[in-house]
$ cat work22.txt   # compact mmCIF, C-alpha atoms
# COMPACT_ATOMS: atom_id res chain seq x y z
CA MET W 1 7.86 -5.67 -14.74
CA ARG W 2 7.30 -5.89 -11.03
CA LEU W 3 8.15 -9.33 -9.78
CA THR W 4 5.77 -9.49 -6.89
CA GLY W 5 2.44 -11.10 -6.35
CA GLN W 6 -0.06 -8.98 -4.58
CA ARG W 7 -1.50 -11.71 -2.42
CA ILE W 8 1.65 -13.61 -1.46
CA TRP W 9 4.81 -12.17 0.06
CA GLY W 10 8.14 -13.88 0.50
CA PRO W 11 11.52 -12.95 1.88
CA SER W 12 14.00 -11.07 -0.25
CA GLN W 13 16.84 -13.45 0.60
CA PRO W 14 17.61 -16.38 -1.69
CA ILE W 15 16.55 -19.87 -0.84
CA ILE W 16 19.64 -21.97 -0.37
CA PHE W 17 18.37 -25.21 -1.79
CA GLY W 18 20.01 -28.26 -0.34
CA ASN W 19 20.71 -26.55 2.94
CA LEU W 20 18.01 -27.57 5.32
CA VAL W 21 18.16 -25.63 8.54
CA GLN W 22 17.61 -27.27 11.88
CA THR W 23 15.10 -25.17 13.76
CA VAL W 24 15.93 -24.50 17.38
CA ALA W 25 13.26 -25.11 19.97
CA SER W 26 11.46 -21.94 21.02
CA THR W 27 13.59 -19.68 18.87
CA ALA W 28 11.53 -17.09 17.04
CA TYR W 29 12.58 -16.43 13.45
CA ALA W 30 11.48 -13.17 11.84
CA LEU W 31 11.73 -12.22 8.17
CA HIS W 32 11.19 -8.67 7.00
CA ILE W 33 8.39 -8.15 4.45
CA GLU W 34 9.93 -5.65 2.09
CA HIS W 35 6.85 -4.56 0.16
CA PRO W 36 3.85 -5.40 2.32
CA GLY W 37 1.19 -4.19 -0.12
CA ASN W 38 -1.71 -1.86 0.33
CA PRO W 39 -2.98 -0.59 3.68
CA GLY W 40 -6.41 -2.01 4.29
CA ASP W 41 -5.53 -5.38 2.80
CA ALA W 42 -5.02 -8.39 5.02
CA PHE W 43 -2.27 -10.68 6.14
CA ASN W 44 -3.98 -13.97 6.84
CA TYR W 45 -1.67 -16.98 6.68
CA VAL W 46 2.01 -17.72 7.14
CA ILE W 47 3.00 -20.83 5.22
CA LEU W 48 5.85 -23.31 5.60
CA GLN W 49 6.70 -26.48 3.73
CA THR W 50 7.69 -29.57 5.68
CA ASP W 51 10.34 -31.98 4.46
CA ALA W 52 9.42 -35.66 4.51
CA ALA W 53 12.87 -36.75 5.65
CA ASN W 54 13.12 -34.26 8.49
CA LEU W 55 9.78 -34.16 10.18
CA ALA W 56 9.01 -32.91 13.65
CA SER W 57 7.79 -35.25 16.34
CA GLY W 58 6.38 -35.07 19.80
CA SER W 59 3.97 -32.61 21.30
CA GLN W 60 3.77 -29.36 19.39
CA ALA W 61 3.71 -25.77 20.56
CA ALA W 62 4.18 -23.62 17.49
CA GLU W 63 2.89 -20.28 16.36
CA VAL W 64 3.19 -17.87 13.48
CA ALA W 65 2.80 -14.14 13.74
CA ILE W 66 2.96 -10.77 12.11
CA ALA W 67 5.15 -8.28 13.94
CA THR W 68 6.25 -4.70 13.46
CA THR W 69 9.41 -2.77 14.22
CA PRO W 70 10.03 0.94 14.64
CA LEU W 71 12.56 1.01 11.83
CA ALA W 72 13.32 -0.72 8.57
CA PRO W 73 16.16 -3.24 8.66
CA ASN W 74 19.31 -1.32 9.46
CA GLY W 75 21.97 -3.81 10.46
CA ALA W 76 21.08 -3.66 14.13
CA GLY W 77 18.85 -5.73 16.32
CA GLN W 78 15.33 -4.43 16.85
CA THR W 79 12.43 -4.98 19.16
CA LEU W 80 9.55 -6.65 17.37
CA THR W 81 6.00 -6.18 18.56
CA VAL W 82 3.55 -8.93 17.69
CA VAL W 83 0.37 -7.53 16.15
CA ALA W 84 -1.28 -10.81 15.13
CA ALA W 85 -0.58 -14.43 16.03
CA GLN W 86 -2.11 -17.87 15.61
CA SER W 87 -1.15 -21.47 16.26
CA LEU W 88 0.59 -23.36 13.51
CA ALA W 89 -1.12 -26.52 12.26
CA ALA W 90 0.57 -29.86 12.85
CA ILE W 91 3.96 -30.03 11.17
CA THR W 92 4.47 -33.76 11.51
CA ALA W 93 2.98 -34.82 8.17
CA ALA W 94 4.98 -35.86 5.13
CA THR W 95 5.92 -33.18 2.64
CA ALA W 96 3.06 -30.75 2.87
CA MET W 97 2.22 -27.12 3.28
CA VAL W 98 1.38 -26.05 6.80
CA ARG W 99 -0.03 -22.75 7.96
CA ASN W 100 -1.85 -21.23 10.88
CA THR W 101 -5.01 -23.01 11.93
CA SER W 102 -7.07 -19.82 11.96
CA SER W 103 -6.66 -16.73 9.85
CA LEU W 104 -4.53 -13.95 11.27
CA ALA W 105 -7.09 -11.52 9.86
CA TYR W 106 -4.70 -8.65 10.27
CA THR W 107 -5.49 -5.47 8.36
CA LYS W 108 -2.37 -3.69 7.24
CA LEU W 109 -1.72 -0.12 8.26
CA ALA W 110 0.31 2.41 6.37
CA ASN W 111 3.95 3.19 7.07
CA LEU W 112 4.79 0.23 9.27
CA GLU W 113 7.66 -2.21 8.92
CA TYR W 114 6.14 -5.70 8.88
CA TRP W 115 7.75 -9.05 9.65
CA MET W 116 6.54 -12.65 9.48
CA VAL W 117 7.55 -14.74 12.44
CA VAL W 118 7.54 -18.42 13.35
CA ARG W 119 8.36 -20.22 16.60
CA ILE W 120 8.38 -24.01 16.89
CA ASN W 121 8.79 -25.95 20.10
CA MET W 122 8.45 -29.73 19.68
CA GLY W 123 8.44 -32.26 22.47
CA THR W 124 10.81 -34.69 20.78
CA THR W 125 12.34 -33.63 17.46
CA GLN W 126 12.60 -30.19 15.94
CA PRO W 127 11.93 -30.15 12.18
CA LYS W 128 14.45 -29.22 9.55
CA VAL W 129 13.09 -26.91 6.91
CA GLU W 130 14.50 -25.23 3.84
CA GLY W 131 16.91 -22.49 4.82
CA ILE W 132 17.54 -19.00 3.58
CA ALA W 133 20.67 -17.02 4.18
CA ARG W 134 22.77 -14.07 3.03
CA ASP W 135 21.40 -11.47 5.35
CA TYR W 136 24.80 -9.77 5.05
CA ALA W 137 24.26 -8.63 8.63
CA ALA W 138 21.65 -6.22 7.28
CA GLY W 139 19.04 -7.15 9.84
CA VAL W 140 16.50 -8.35 7.31
CA LEU W 141 16.46 -11.56 9.32
CA LEU W 142 16.12 -11.37 13.08
CA THR W 143 16.16 -14.10 15.68
CA THR W 144 15.12 -14.39 19.30
CA ALA W 145 16.28 -17.36 21.34
CA SER W 146 14.01 -18.84 24.01
CA ALA W 147 11.08 -16.76 22.89
CA ALA W 148 7.79 -16.92 24.73
CA VAL W 149 4.63 -18.02 22.97
CA LEU W 150 3.88 -15.59 20.15
CA ALA W 151 0.87 -13.56 21.18
CA VAL W 152 -0.48 -10.13 20.38
CA ASN W 153 1.38 -7.33 22.12
CA ASN W 154 4.28 -9.56 23.09
CA THR W 155 7.66 -8.15 22.21
CA LEU W 156 10.70 -9.99 20.91
CA THR W 157 14.27 -8.86 21.19
CA GLY W 158 15.42 -9.52 17.64
CA LEU W 159 19.10 -10.07 17.01
CA VAL W 160 20.91 -10.04 13.70
CA PRO W 161 22.14 -13.57 12.88
CA ALA W 162 25.81 -14.23 12.36
CA VAL W 163 27.02 -14.13 8.77
CA SER W 164 26.66 -17.66 7.45
CA GLY W 165 27.85 -17.54 3.86
CA ALA W 166 25.71 -19.74 1.71
CA ILE W 167 24.47 -21.86 4.57
CA GLY W 168 20.79 -21.52 5.33
CA VAL W 169 20.14 -20.22 8.79
CA TYR W 170 16.48 -19.31 8.67
CA PRO W 171 13.27 -21.15 7.88
CA TYR W 172 11.82 -20.20 4.52
CA MET W 173 8.25 -18.99 4.76
CA ARG W 174 5.74 -16.80 3.00
CA VAL W 175 2.72 -14.84 4.10
CA THR W 176 -0.51 -14.77 2.12
CA SER W 177 -3.75 -12.86 2.12
CA ASP W 178 -5.76 -15.96 1.17
CA MET G 1 21.92 11.26 -28.32
CA PRO G 2 19.53 8.38 -28.92
CA ALA G 3 18.67 6.28 -25.96
CA THR G 4 20.36 2.91 -25.75
CA LEU G 5 17.92 0.08 -26.17
CA LEU G 6 18.40 -2.23 -23.26
CA ILE G 7 17.01 -5.71 -23.17
CA ARG G 8 15.80 -6.48 -19.69
CA VAL G 9 15.14 -9.83 -18.18
CA GLY G 10 12.18 -10.86 -16.10
CA GLU G 11 12.40 -14.01 -14.04
CA PRO G 12 9.80 -15.95 -12.13
CA MET G 13 9.41 -15.41 -8.41
CA VAL G 14 10.61 -18.90 -7.60
CA GLN G 15 14.07 -20.34 -7.76
CA SER G 16 15.98 -22.12 -10.48
CA VAL G 17 17.51 -25.09 -8.79
CA GLY G 18 17.99 -28.17 -10.90
CA ASN G 19 17.46 -29.88 -14.20
CA SER G 20 14.59 -32.05 -15.25
CA GLN G 21 13.20 -33.69 -18.32
CA THR G 22 10.15 -32.05 -19.77
CA VAL G 23 6.93 -33.99 -20.08
CA SER G 24 5.80 -34.41 -23.65
CA GLY G 25 2.83 -32.26 -24.50
CA ARG G 26 2.54 -30.65 -21.08
CA GLY G 27 1.89 -26.93 -21.02
CA TYR G 28 4.08 -25.12 -18.46
CA PHE G 29 3.11 -21.69 -17.17
CA ASN G 30 5.21 -19.44 -14.90
CA TYR G 31 4.04 -16.22 -13.27
CA MET G 32 6.25 -13.34 -14.37
CA GLY G 33 4.72 -10.46 -12.46
CA LEU G 34 2.36 -7.54 -12.69
CA VAL G 35 2.94 -5.20 -15.62
CA THR G 36 3.35 -1.73 -14.17
CA GLU G 37 4.92 0.19 -17.03
CA PRO G 38 4.87 0.17 -20.83
CA GLU G 39 7.08 -2.60 -22.15
CA THR G 40 7.35 -4.97 -25.05
CA VAL G 41 8.09 -8.63 -24.52
CA LEU G 42 10.55 -9.82 -27.14
CA TYR G 43 11.25 -13.42 -26.22
CA ILE G 44 10.53 -16.20 -23.79
CA ALA G 45 13.70 -18.12 -23.02
CA CYS G 46 14.81 -21.13 -21.07
CA GLU G 47 18.07 -23.00 -20.71
CA MET G 48 19.05 -26.50 -21.75
CA ALA G 49 20.59 -28.72 -19.10
CA PRO G 50 24.16 -29.99 -19.56
CA SER G 51 22.90 -33.36 -20.70
CA THR G 52 19.95 -35.04 -22.39
CA PRO G 53 19.09 -32.77 -25.28
CA GLY G 54 15.93 -33.43 -27.20
CA VAL G 55 15.99 -35.93 -30.04
CA GLY G 56 13.66 -36.25 -32.97
CA THR G 57 11.16 -34.00 -34.61
CA VAL G 58 10.05 -31.02 -32.54
CA THR G 59 6.69 -29.43 -32.01
CA ASN G 60 6.98 -26.42 -29.75
CA GLU G 61 5.04 -23.33 -28.81
CA TRP G 62 5.67 -20.30 -26.59
CA ALA G 63 2.96 -17.99 -25.36
CA LEU G 64 2.10 -15.16 -23.02
CA PHE G 65 -1.00 -15.42 -20.90
CA SER G 66 -2.89 -13.25 -18.45
CA ALA G 67 -4.56 -14.28 -15.22
CA PRO G 68 -7.53 -12.50 -13.66
CA THR G 69 -5.73 -11.95 -10.35
CA ALA G 70 -2.31 -12.22 -8.81
CA PRO G 71 -1.27 -15.72 -7.73
CA THR G 72 -3.45 -16.86 -4.90
CA TYR G 73 -2.59 -19.61 -2.45
CA GLY G 74 -4.16 -22.88 -3.50
CA VAL G 75 -5.95 -21.45 -6.55
CA ALA G 76 -5.16 -22.50 -10.13
CA PRO G 77 -6.43 -19.80 -12.47
CA THR G 78 -7.74 -20.10 -15.98
CA LEU G 79 -5.28 -18.29 -18.21
CA THR G 80 -6.10 -16.27 -21.30
CA ARG G 81 -3.69 -16.30 -24.22
CA LEU G 82 -2.31 -12.93 -25.24
CA ALA G 83 0.36 -13.74 -27.80
CA SER G 84 2.10 -16.83 -29.07
CA THR G 85 4.45 -18.36 -31.58
CA ALA G 86 5.24 -21.87 -32.75
CA SER G 87 8.71 -20.87 -33.90
CA GLY G 88 12.11 -20.54 -32.36
CA GLY G 89 12.68 -23.49 -30.08
CA VAL G 90 15.75 -25.59 -30.87
CA PHE G 91 16.06 -28.21 -28.16
CA THR G 92 18.72 -30.49 -29.63
CA SER G 93 21.86 -29.07 -27.97
CA SER G 94 22.88 -29.17 -24.31
CA SER G 95 23.84 -26.14 -22.21
CA VAL G 96 22.44 -23.52 -24.53
CA THR G 97 19.72 -20.92 -24.24
CA VAL G 98 16.56 -21.69 -26.13
CA ARG G 99 14.41 -18.76 -27.21
CA SER G 100 11.08 -18.30 -28.81
CA ALA G 101 10.79 -16.40 -32.01
CA ALA G 102 10.11 -12.71 -31.41
CA LEU G 103 6.75 -12.09 -29.80
CA ASN G 104 6.91 -8.28 -29.87
CA TYR G 105 3.91 -8.05 -27.60
CA ALA G 106 3.13 -5.13 -25.31
CA PRO G 107 0.92 -6.30 -22.45
CA ALA G 108 -1.51 -3.84 -20.97
CA ILE G 109 -0.65 -2.16 -17.70
CA ASN G 110 -1.96 -4.13 -14.69
CA THR G 111 -1.79 -7.44 -16.51
CA HIS G 112 -0.85 -10.41 -14.37
CA LEU G 113 1.49 -12.03 -16.83
CA TYR G 114 2.39 -15.70 -17.25
CA ALA G 115 4.93 -17.14 -19.68
CA GLY G 116 4.04 -20.48 -21.21
CA MET G 117 5.70 -23.19 -23.25
CA ARG G 118 5.08 -26.68 -24.57
CA VAL G 119 7.47 -29.02 -26.34
CA VAL G 120 6.88 -32.39 -27.98
CA MET G 121 9.90 -34.27 -29.34
CA GLY G 122 9.65 -37.28 -31.58
CA THR G 123 12.12 -39.46 -29.65
CA THR G 124 13.51 -37.89 -26.46
CA GLN G 125 12.15 -34.99 -24.45
CA PRO G 126 14.77 -32.32 -23.65
CA LYS G 127 16.07 -31.75 -20.14
CA LEU G 128 15.88 -28.10 -19.05
CA VAL G 129 16.88 -25.96 -16.08
CA PHE G 130 13.92 -26.05 -13.75
CA ALA G 131 12.48 -23.92 -10.96
CA THR G 132 10.91 -25.04 -7.72
CA GLY G 133 9.62 -23.56 -4.47
CA ASP G 134 6.06 -22.83 -5.55
CA MET G 135 4.71 -23.92 -2.19
CA ASN G 136 1.16 -24.28 -3.53
CA CYS G 137 1.10 -20.56 -4.36
CA GLY G 138 0.26 -20.77 -8.06
CA PHE G 139 3.39 -19.15 -9.42
CA LEU G 140 4.05 -22.37 -11.33
CA LEU G 141 1.16 -23.98 -13.17
CA PHE G 142 0.70 -26.67 -15.76
CA ALA G 143 -1.87 -28.23 -18.04
CA ALA G 144 -1.37 -31.91 -18.79
CA ALA G 145 -2.48 -31.90 -22.41
CA PRO G 146 -3.55 -28.44 -23.55
CA GLY G 147 -2.74 -29.01 -27.23
CA ASP G 148 -1.19 -26.38 -29.44
CA LEU G 149 -0.72 -23.26 -27.29
CA THR G 150 -1.06 -20.99 -30.29
CA LEU G 151 -4.61 -22.18 -30.84
CA LEU G 152 -5.90 -21.69 -27.31
CA THR G 153 -8.16 -18.93 -26.17
CA THR G 154 -8.07 -19.94 -22.53
CA VAL G 155 -6.50 -22.83 -20.66
CA ALA G 156 -7.45 -24.41 -17.35
CA THR G 157 -4.41 -25.03 -15.17
CA THR G 158 -3.25 -27.03 -12.17
CA ILE G 159 -0.82 -25.94 -9.48
CA VAL G 160 2.37 -28.00 -9.56
CA ALA G 161 2.75 -30.69 -6.93
CA LEU G 162 4.89 -29.81 -3.95
CA GLY G 163 8.54 -30.26 -4.82
CA SER G 164 11.40 -31.53 -2.75
CA LEU G 165 12.95 -28.79 -0.68
CA VAL G 166 16.41 -30.09 -1.46
CA ASN G 167 16.45 -30.63 -5.20
CA GLY G 168 12.89 -30.33 -6.39
CA THR G 169 12.07 -29.47 -9.97
CA GLN G 170 8.60 -28.29 -10.81
CA ASN G 171 8.53 -26.18 -14.01
CA PRO G 172 11.08 -25.05 -16.59
CA ALA G 173 12.68 -21.79 -15.44
CA MET G 174 11.42 -19.51 -18.18
CA ARG G 175 12.53 -15.91 -18.53
CA LEU G 176 11.17 -12.96 -20.41
CA GLU G 177 13.42 -10.67 -22.42
CA TYR G 178 11.77 -7.34 -22.99
CA VAL G 179 12.34 -3.67 -23.74

$ encode --input "work22.txt" --output "structure tokens"
Amino acid sequence: MRLTGQRIWGPSQPIIFGNLVQTVASTAYALHIEHPGNPGDAFNYVILQTDAANLASGSQAAEVAIATTPLAPNGAGQTLTVVAAQSLAAITAATAMVRNTSSLAYTKLANLEYWMVVRINMGTTQPKVEGIARDYAAGVLLTTASAAVLAVNNTLTGLVPAVSGAIGVYPYMRVTSD
Amino acid sequence: MPATLLIRVGEPMVQSVGNSQTVSGRGYFNYMGLVTEPETVLYIACEMAPSTPGVGTVTNEWALFSAPTAPTYGVAPTLTRLASTASGGVFTSSSVTVRSAALNYAPAINTHLYAGMRVVMGTTQPKLVFATGDMNCGFLLFAAAPGDLTLLTTVATTIVALGSLVNGTQNPAMRLEYV
């Protein structure tokens, strides 16, 4: 029994419930999409869930993106190339799902390594969101500090996060085709 | 040498995180995946929490359902019943596994499979291990008052409300045991 939905993709790392992760302003967080589905199908929305007790505040500059790398995760940092990007809707509401304001409308190609990416830069308070962890330094999670606005053809220098044990270090997100 | 018969376990795509009391008469439905190879579902199982077992007479059903498509963000599908039983659930002890009676059902290849359950106790509803993290994706569905699951042909569903990211509990964490 294959435990995947064909229209929704999540990270392969466990959610560490109870460990909210404090997002860092302008850091780009990338999660590898292990089984991206059929070429010709679309990636349209990246979704995040806000936490009512840890909302963002202030002016918002936030984007989500789909990026590719030359190689599958291999324990080393990689350069990510953004192939689709959109602004993230306001993330200041009480517990709610947020996603990009317009569809990414990205048509998947064969034989590419895909990643979902988020970058949040708030004027006052960065949000905490549910964290995932246990990358085991495998490079399934990559991070880029002080990243520029996510836009098509931009590149990100992705680094493998430090081993964190059970502590969440990455925002939990999913990508959908609907 | 005959092949060893292995019982395999299928779990939902979302996480088991906490314990919660079931709602009397509510039908719970968890997406278990796309069937890609021949297999026979033996049981649906869940786990009792360490406290608050059920008390009183029990009415309980377990069922397998299909959906027309894979889970779709924001869409609650109508499910079609494939197989069911009203036997097997004993909800009066804490910290034990509760299983359906044997279903022995072989879903067709390419079936989008949901496991379902409903329990009504005469006095106290049992507390079970729950899953959360649906994020409005339709992996976890419910029907408030579907009636006896073994008598349904189809059932309209609702996506579970967004759960707390810290300790949310949305649906019982059902598993499939299959060969």

$ closest_residue --input "work22.txt" --among "G:Pro68, G:Gly54, G:Pro77, G:Pro107" --to "G:Val90" --atoms "only C-alpha atoms"
G:Gly54

$ closest_residue --input "work22.txt" --among "G:Thr72, G:Thr57, G:Thr85, G:Asn104" --to "G:Glu177" --atoms "only C-alpha atoms"
G:Asn104

$ closest_residue --input "work22.txt" --among "W:Gly165, W:Ile66, W:Asp41, W:Gly123" --to "W:Ala28" --atoms "only C-alpha atoms"
W:Ile66

$ residues_around --input "work22.txt" --residues "W:Thr155" --least-positions-apart "6" --cutoff "8 Å" --atoms "all atoms listed in the file" --output "number ranges by chain"
W: 79-82

$ closest_residue --input "work22.txt" --among "G:Ala76, G:Leu162, G:Val98, G:Val179" --to "chain W" --atoms "only C-alpha atoms"
G:Leu162

$ residues_around --input "work22.txt" --residues "G:Pro53" --least-positions-apart "4" --cutoff "10 Å" --atoms "all atoms listed in the file" --output "list in words"
Gln21, Met48, Ala49, Val90, Phe91, Thr92, Ser93, Ser94, Ser95, Val96, Thr124, Gln125, Pro126, Lys127 and Leu128 of chain G
